[in-house]
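For reference, my_file_3.cif (mmCIF, C-alpha atoms):
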```
data_run
#
loop_
_atom_site.group_PDB
_atom_site.id
_atom_site.type_symbol
_atom_site.label_atom_id
_atom_site.label_comp_id
_atom_site.auth_asym_id
_atom_site.auth_seq_id
_atom_site.Cartn_x
_atom_site.Cartn_y
_atom_site.Cartn_z
ATOM 1 C CA MET B 1 0.000 0.000 0.000
ATOM 2 C CA SER B 2 1.349 3.405 -0.926
ATOM 3 C CA GLY B 3 1.609 6.114 1.687
ATOM 4 C CA ILE B 4 -0.144 9.396 2.203
ATOM 5 C CA GLU B 5 2.070 12.102 3.671
ATOM 6 C CA LEU B 6 0.072 13.606 6.568
ATOM 7 C CA SER B 7 1.353 16.604 8.530
ATOM 8 C CA THR B 8 0.288 19.540 10.672
ATOM 9 C CA SER B 9 1.766 22.957 11.322
ATOM 10 C CA ALA B 10 0.545 22.665 14.938
ATOM 11 C CA PHE B 11 3.091 20.075 16.137
ATOM 12 C CA ASN B 12 5.777 17.684 14.921
ATOM 13 C CA ASP B 13 5.276 13.935 14.692
ATOM 14 C CA HIS B 14 5.497 12.381 18.187
ATOM 15 C CA ALA B 15 5.652 15.839 19.809
ATOM 16 C CA LEU B 16 3.303 17.537 22.270
ATOM 17 C CA ILE B 17 -0.044 18.802 21.007
ATOM 18 C CA PRO B 18 -0.476 22.468 21.975
ATOM 19 C CA ARG B 19 -3.119 23.133 24.639
ATOM 20 C CA ARG B 20 -5.240 25.108 22.117
ATOM 21 C CA TYR B 21 -6.229 21.832 20.419
ATOM 22 C CA THR B 22 -7.256 20.064 23.642
ATOM 23 C CA ARG B 23 -10.309 20.127 25.882
ATOM 24 C CA ASP B 24 -8.149 22.052 28.376
ATOM 25 C CA GLY B 25 -7.801 24.833 25.792
ATOM 26 C CA GLU B 26 -9.986 26.020 22.912
ATOM 27 C CA ASP B 27 -10.768 22.440 21.823
ATOM 28 C CA VAL B 28 -10.385 23.133 18.111
ATOM 29 C CA SER B 29 -9.110 20.500 15.728
ATOM 30 C CA PRO B 30 -5.558 21.038 14.489
ATOM 31 C CA PRO B 31 -4.896 22.027 10.889
ATOM 32 C CA LEU B 32 -3.837 19.127 8.679
ATOM 33 C CA GLU B 33 -2.223 18.880 5.243
ATOM 34 C CA TRP B 34 -1.690 15.807 3.082
ATOM 35 C CA SER B 35 -0.344 14.639 -0.247
ATOM 36 C CA GLY B 36 0.018 11.351 -2.073
ATOM 37 C CA VAL B 37 -3.668 10.498 -2.475
ATOM 38 C CA PRO B 38 -3.638 7.807 -5.191
ATOM 39 C CA ASP B 39 -5.701 7.775 -8.366
ATOM 40 C CA GLY B 40 -8.881 5.772 -7.956
ATOM 41 C CA THR B 41 -9.655 7.207 -4.524
ATOM 42 C CA ALA B 42 -13.420 7.680 -4.111
ATOM 43 C CA GLU B 43 -13.268 9.201 -0.635
ATOM 44 C CA LEU B 44 -10.945 9.928 2.260
ATOM 45 C CA LEU B 45 -11.632 9.008 5.877
ATOM 46 C CA LEU B 46 -10.019 10.719 8.864
ATOM 47 C CA LEU B 47 -9.711 9.107 12.281
ATOM 48 C CA CYS B 48 -8.029 10.413 15.431
ATOM 49 C CA GLU B 49 -7.748 7.828 18.181
ATOM 50 C CA ASP B 50 -6.109 7.459 21.600
ATOM 51 C CA PRO B 51 -5.023 3.847 22.193
ATOM 52 C CA ASP B 52 -3.811 4.763 25.705
ATOM 53 C CA ALA B 53 -7.249 5.647 27.101
ATOM 54 C CA PRO B 54 -8.097 3.732 30.296
ATOM 55 C CA SER B 55 -11.333 2.289 28.863
ATOM 56 C CA GLY B 56 -9.768 1.213 25.558
ATOM 57 C CA THR B 57 -9.040 3.004 22.306
ATOM 58 C CA PHE B 58 -10.951 6.289 22.313
ATOM 59 C CA VAL B 59 -12.234 8.040 19.165
ATOM 60 C CA HIS B 60 -11.512 11.783 19.183
ATOM 61 C CA TRP B 61 -12.422 12.571 15.578
ATOM 62 C CA LEU B 62 -14.050 10.568 12.800
ATOM 63 C CA VAL B 63 -14.887 12.127 9.432
ATOM 64 C CA THR B 64 -16.111 10.130 6.418
ATOM 65 C CA GLY B 65 -16.800 11.125 2.822
ATOM 66 C CA ILE B 66 -13.929 13.606 2.498
ATOM 67 C CA ASP B 67 -13.423 14.830 -1.075
ATOM 68 C CA PRO B 68 -10.367 13.016 -2.512
ATOM 69 C CA ALA B 69 -9.314 16.296 -4.186
ATOM 70 C CA ALA B 70 -8.986 17.984 -0.768
ATOM 71 C CA ARG B 71 -5.401 18.463 0.409
ATOM 72 C CA SER B 72 -5.858 20.178 3.757
ATOM 73 C CA VAL B 73 -8.219 21.271 6.494
ATOM 74 C CA ASP B 74 -7.916 24.432 8.568
ATOM 75 C CA ALA B 75 -7.953 24.428 12.371
ATOM 76 C CA GLY B 76 -11.449 24.032 13.751
ATOM 77 C CA GLU B 77 -12.948 23.029 10.383
ATOM 78 C CA THR B 78 -14.379 19.870 8.847
ATOM 79 C CA PRO B 79 -12.486 18.556 5.803
ATOM 80 C CA GLN B 80 -14.093 19.430 2.438
ATOM 81 C CA GLY B 81 -17.099 17.207 1.703
ATOM 82 C CA GLY B 82 -16.662 15.322 4.967
ATOM 83 C CA THR B 83 -19.341 14.172 7.370
ATOM 84 C CA PRO B 84 -18.233 14.316 11.013
ATOM 85 C CA LEU B 85 -19.502 11.433 13.124
ATOM 86 C CA THR B 86 -19.936 11.056 16.881
ATOM 87 C CA ASN B 87 -16.739 11.026 18.933
ATOM 88 C CA GLY B 88 -16.090 9.162 22.187
ATOM 89 C CA PHE B 89 -17.346 12.127 24.244
ATOM 90 C CA GLY B 90 -20.755 11.845 22.542
ATOM 91 C CA GLY B 91 -20.330 15.044 20.500
ATOM 92 C CA THR B 92 -20.096 15.416 16.740
ATOM 93 C CA GLY B 93 -16.746 16.132 15.133
ATOM 94 C CA TRP B 94 -13.563 16.940 17.037
ATOM 95 C CA GLY B 95 -13.252 16.201 20.734
ATOM 96 C CA GLY B 96 -9.751 17.113 21.830
ATOM 97 C CA PRO B 97 -7.392 15.274 24.150
ATOM 98 C CA GLN B 98 -8.284 15.104 27.839
ATOM 99 C CA PRO B 99 -6.358 12.213 29.375
ATOM 100 C CA PRO B 100 -6.679 11.551 33.098
ATOM 101 C CA ALA B 101 -4.514 13.890 35.176
ATOM 102 C CA GLY B 102 -1.316 12.164 36.225
ATOM 103 C CA ASP B 103 -1.236 9.665 33.341
ATOM 104 C CA GLU B 104 1.900 9.474 31.240
ATOM 105 C CA ALA B 105 1.501 11.259 27.905
ATOM 106 C CA HIS B 106 -1.177 9.662 25.744
ATOM 107 C CA ARG B 107 -0.599 9.117 22.023
ATOM 108 C CA TYR B 108 -3.108 10.582 19.558
ATOM 109 C CA PHE B 109 -2.946 8.919 16.156
ATOM 110 C CA PHE B 110 -4.323 11.031 13.309
ATOM 111 C CA ARG B 111 -4.938 8.623 10.413
ATOM 112 C CA LEU B 112 -6.071 9.452 6.881
ATOM 113 C CA TYR B 113 -7.253 6.658 4.585
ATOM 114 C CA ALA B 114 -7.782 6.729 0.808
ATOM 115 C CA LEU B 115 -10.680 4.422 -0.057
ATOM 116 C CA PRO B 116 -11.684 3.020 -3.461
ATOM 117 C CA GLU B 117 -15.388 3.366 -2.684
ATOM 118 C CA ALA B 118 -17.623 4.999 -0.115
ATOM 119 C CA VAL B 119 -17.532 3.194 3.191
ATOM 120 C CA ARG B 120 -20.425 2.850 5.594
ATOM 121 C CA ILE B 121 -19.358 3.622 9.129
ATOM 122 C CA PRO B 122 -22.109 3.717 11.753
ATOM 123 C CA ASP B 123 -22.425 6.758 13.970
ATOM 124 C CA ASN B 124 -20.844 6.031 17.375
ATOM 125 C CA ALA B 125 -18.405 3.615 15.689
ATOM 126 C CA SER B 126 -15.486 2.395 17.756
ATOM 127 C CA ALA B 127 -11.926 2.689 16.487
ATOM 128 C CA GLN B 128 -11.987 -1.090 15.989
ATOM 129 C CA ASP B 129 -15.128 -0.765 13.823
ATOM 130 C CA VAL B 130 -13.347 1.794 11.663
ATOM 131 C CA HIS B 131 -10.216 -0.332 11.311
ATOM 132 C CA ARG B 132 -12.282 -3.378 10.343
ATOM 133 C CA ALA B 133 -14.021 -1.333 7.638
ATOM 134 C CA VAL B 134 -11.000 0.422 6.124
ATOM 135 C CA ASP B 135 -7.747 -1.438 6.831
ATOM 136 C CA GLY B 136 -8.363 -4.026 4.087
ATOM 137 C CA PRO B 137 -9.743 -1.954 1.223
ATOM 138 C CA ALA B 138 -7.650 1.207 1.778
ATOM 139 C CA LEU B 139 -5.568 2.195 -1.254
ATOM 140 C CA ALA B 140 -3.225 4.252 0.917
ATOM 141 C CA SER B 141 -2.990 5.711 4.376
ATOM 142 C CA GLY B 142 -0.884 8.091 6.390
ATOM 143 C CA ASN B 143 -0.606 9.108 10.002
ATOM 144 C CA ILE B 144 0.905 11.565 12.405
ATOM 145 C CA VAL B 145 1.080 11.126 16.179
ATOM 146 C CA GLY B 146 0.676 13.848 18.781
ATOM 147 C CA LEU B 147 1.237 13.533 22.527
ATOM 148 C CA TYR B 148 -0.643 15.134 25.385
ATOM 149 C CA GLN B 149 -0.379 14.919 29.169
ATOM 150 C CA ARG B 150 -2.220 16.703 31.975
#
```

Written as structure tokens, how would this file's structure read?
Amino acid sequence: MSGIELSTSAFNDHALIPRRYTRDGEDVSPPLEWSGVPDGTAELLLLCEDPDAPSGTFVHWLVTGIDPAARSVDAGETPQGGTPLTNGFGGTGWGGPQPPAGDEAHRYFFRLYALPEAVRIPDNASAQDVHRAVDGPALASGNIVGLYQR
């Protein structure tokens, strides 16, 4: 599988996520940019998950149906053509990091998938549901990891 290059101007890969993008701050989604979306992509899917959450992998952001021609999303926005689904907090769209106070830094994986056809993801889907639906058929994917600790 080829790779999508996913990046953000908000933080470096495996570096701390600024407070602005967390529930302790303004709770806006970070800006993202990407390249390397392969031909034949029907839609993009964006997932941000925290595998270090005490109750299991936690979904912070899930957006389906993103226009494959899109190459970025501004802070606090929904990617072009995308439909934000319910996050682990029960809200729609972005729900920023808020790990338990005193925990070691949690890892937040931002993952972008290029899909050959529209995928049906149920609202309130778990990260495992998303992986089951997209890991096989994905034409390409990319990720960036941010860290946050309280």

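Nearest to Leu47 of chain B of all the residues B:Pro97, B:Gly76, B:Pro84, B:Gly102 is B:Pro84, based on all atoms listed in the file.
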
How would you write as a compact mmCIF listing (two decimals) with C-alpha atoms, in the coordinates of the input the residues that get within 9 Å of (-5.0, 16.5, 32.7) in the file's frame, counting all atoms listed in the file?
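Contents of the output file result17.txt:
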```txt
# COMPACT_ATOMS: atom_id res chain seq x y z
CA ASP B 24 -8.15 22.05 28.38
CA PRO B 97 -7.39 15.27 24.15
CA GLN B 98 -8.28 15.10 27.84
CA PRO B 99 -6.36 12.21 29.38
CA PRO B 100 -6.68 11.55 33.10
CA ALA B 101 -4.51 13.89 35.18
CA GLY B 102 -1.32 12.16 36.22
CA ASP B 103 -1.24 9.66 33.34
CA TYR B 148 -0.64 15.13 25.38
CA GLN B 149 -0.38 14.92 29.17
CA ARG B 150 -2.22 16.70 31.98
```

Item to check | Result set, the PyMOL selection byres ((chain B and resi 121) around 12) on current file, as a list in words | outcome: Leu45, Leu46, Leu47, Leu62, Val63, Thr64, Gly65, Thr83, Pro84, Leu85, Thr86, Ala118, Val119, Arg120, Pro122, Asp123, Asn124, Ala125, Ser126, Ala127, Gln128, Asp129, Val130, His131, Arg132, Ala133 and Val134 of chain B

Next on the checklist: I want to know what sits within 10 Å of Trp34 of chain B, based on all atoms listed in the file, with residues of the same chain fewer than 6 positions away left out; could you give that as a list in words?
Outcome noted: Ile4, Glu5, Leu6, Ser7, Thr8, Ala70, Arg71, Ser72, Val73, Leu112, Gly142 and Asn143 of chain B

Checklist outcome for this item: From the list B:Pro116, B:Gly56, B:Pro18, B:Gly96, the nearest residue to Leu44 of chain B using only C-alpha atoms is B:Pro116

Checklist entry - Which of these, B:Thr41, B:Thr57, B:Asn87, B:Thr92, has the shortest distance to Ala69 of chain B once you count all atoms listed in the file? => result B:Thr41

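The spacing separating atom CA of Ile17 of chain B from atom CA of Glu33 of chain B amounts to 15.9 Å.
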
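Taking only C-alpha atoms into account, Asp27 of chain B lies nearest to B:Trp94 out of the set B:Phe11, B:Trp94, B:Phe89, B:Tyr108.
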
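With all atoms listed in the file as the atoms that count, the residue of B:Pro30, B:Gly136, B:Gly25, B:Gly91 with the shortest distance to Thr78 of chain B is B:Pro30.
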
Checklist entry - Could you state the separation of atom CA of Glu43 of chain B and atom CA of Val145 of chain B in Å, given to one decimal place? => result 22.2 Å

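One distance worth recording is that between atom CA of Ile144 of chain B and atom CA of Asn12 of chain B, which is 8.2 Å.
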
Incomplete segment 53-67 of chain B filled out to N, CA, C and O atoms as a PDB file, in the coordinates of the input:
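Once written, result.pdb looks like this:
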```pdb
ATOM      1  N   ALA B  53      -6.128   5.311  26.215  1.00  0.00           N
ATOM      2  CA  ALA B  53      -7.249   5.647  27.101  1.00  0.00           C
ATOM      3  C   ALA B  53      -7.537   4.486  28.052  1.00  0.00           C
ATOM      4  O   ALA B  53      -7.440   3.316  27.669  1.00  0.00           O
ATOM      5  N   PRO B  54      -7.883   4.790  29.301  1.00  0.00           N
ATOM      6  CA  PRO B  54      -8.097   3.732  30.296  1.00  0.00           C
ATOM      7  C   PRO B  54      -9.192   2.733  29.924  1.00  0.00           C
ATOM      8  O   PRO B  54      -9.110   1.563  30.263  1.00  0.00           O
ATOM      9  N   SER B  55     -10.217   3.181  29.199  1.00  0.00           N
ATOM     10  CA  SER B  55     -11.333   2.289  28.863  1.00  0.00           C
ATOM     11  C   SER B  55     -11.171   1.634  27.505  1.00  0.00           C
ATOM     12  O   SER B  55     -12.111   1.005  27.005  1.00  0.00           O
ATOM     13  N   GLY B  56     -10.001   1.757  26.892  1.00  0.00           N
ATOM     14  CA  GLY B  56      -9.768   1.213  25.558  1.00  0.00           C
ATOM     15  C   GLY B  56      -9.616   2.339  24.558  1.00  0.00           C
ATOM     16  O   GLY B  56      -9.783   3.510  24.889  1.00  0.00           O
ATOM     17  N   THR B  57      -9.305   1.995  23.327  1.00  0.00           N
ATOM     18  CA  THR B  57      -9.040   3.004  22.306  1.00  0.00           C
ATOM     19  C   THR B  57     -10.231   3.951  22.162  1.00  0.00           C
ATOM     20  O   THR B  57     -11.357   3.517  21.967  1.00  0.00           O
ATOM     21  N   PHE B  58      -9.933   5.239  22.259  1.00  0.00           N
ATOM     22  CA  PHE B  58     -10.951   6.289  22.313  1.00  0.00           C
ATOM     23  C   PHE B  58     -10.935   7.078  20.994  1.00  0.00           C
ATOM     24  O   PHE B  58      -9.871   7.494  20.541  1.00  0.00           O
ATOM     25  N   VAL B  59     -12.114   7.284  20.411  1.00  0.00           N
ATOM     26  CA  VAL B  59     -12.234   8.040  19.165  1.00  0.00           C
ATOM     27  C   VAL B  59     -12.394   9.523  19.488  1.00  0.00           C
ATOM     28  O   VAL B  59     -13.353   9.929  20.151  1.00  0.00           O
ATOM     29  N   HIS B  60     -11.453  10.331  18.984  1.00  0.00           N
ATOM     30  CA  HIS B  60     -11.512  11.783  19.183  1.00  0.00           C
ATOM     31  C   HIS B  60     -12.065  12.520  17.969  1.00  0.00           C
ATOM     32  O   HIS B  60     -12.582  13.630  18.102  1.00  0.00           O
ATOM     33  N   TRP B  61     -11.950  11.919  16.800  1.00  0.00           N
ATOM     34  CA  TRP B  61     -12.422  12.571  15.578  1.00  0.00           C
ATOM     35  C   TRP B  61     -12.610  11.504  14.522  1.00  0.00           C
ATOM     36  O   TRP B  61     -11.726  10.674  14.300  1.00  0.00           O
ATOM     37  N   LEU B  62     -13.761  11.502  13.876  1.00  0.00           N
ATOM     38  CA  LEU B  62     -14.050  10.568  12.800  1.00  0.00           C
ATOM     39  C   LEU B  62     -14.839  11.318  11.738  1.00  0.00           C
ATOM     40  O   LEU B  62     -15.924  11.829  12.014  1.00  0.00           O
ATOM     41  N   VAL B  63     -14.253  11.421  10.544  1.00  0.00           N
ATOM     42  CA  VAL B  63     -14.887  12.127   9.432  1.00  0.00           C
ATOM     43  C   VAL B  63     -14.846  11.216   8.214  1.00  0.00           C
ATOM     44  O   VAL B  63     -13.773  10.756   7.808  1.00  0.00           O
ATOM     45  N   THR B  64     -16.012  10.954   7.616  1.00  0.00           N
ATOM     46  CA  THR B  64     -16.111  10.130   6.418  1.00  0.00           C
ATOM     47  C   THR B  64     -16.482  11.007   5.224  1.00  0.00           C
ATOM     48  O   THR B  64     -16.901  12.155   5.385  1.00  0.00           O
ATOM     49  N   GLY B  65     -16.342  10.453   4.033  1.00  0.00           N
ATOM     50  CA  GLY B  65     -16.800  11.125   2.822  1.00  0.00           C
ATOM     51  C   GLY B  65     -16.000  12.342   2.409  1.00  0.00           C
ATOM     52  O   GLY B  65     -16.497  13.195   1.667  1.00  0.00           O
ATOM     53  N   ILE B  66     -14.758  12.451   2.841  1.00  0.00           N
ATOM     54  CA  ILE B  66     -13.929  13.606   2.498  1.00  0.00           C
ATOM     55  C   ILE B  66     -13.592  13.559   1.008  1.00  0.00           C
ATOM     56  O   ILE B  66     -13.225  12.505   0.476  1.00  0.00           O
ATOM     57  N   ASP B  67     -13.716  14.701   0.352  1.00  0.00           N
ATOM     58  CA  ASP B  67     -13.423  14.830  -1.075  1.00  0.00           C
ATOM     59  C   ASP B  67     -11.973  14.415  -1.345  1.00  0.00           C
ATOM     60  O   ASP B  67     -11.054  14.961  -0.724  1.00  0.00           O
TER      61      ASP B  67
END
```
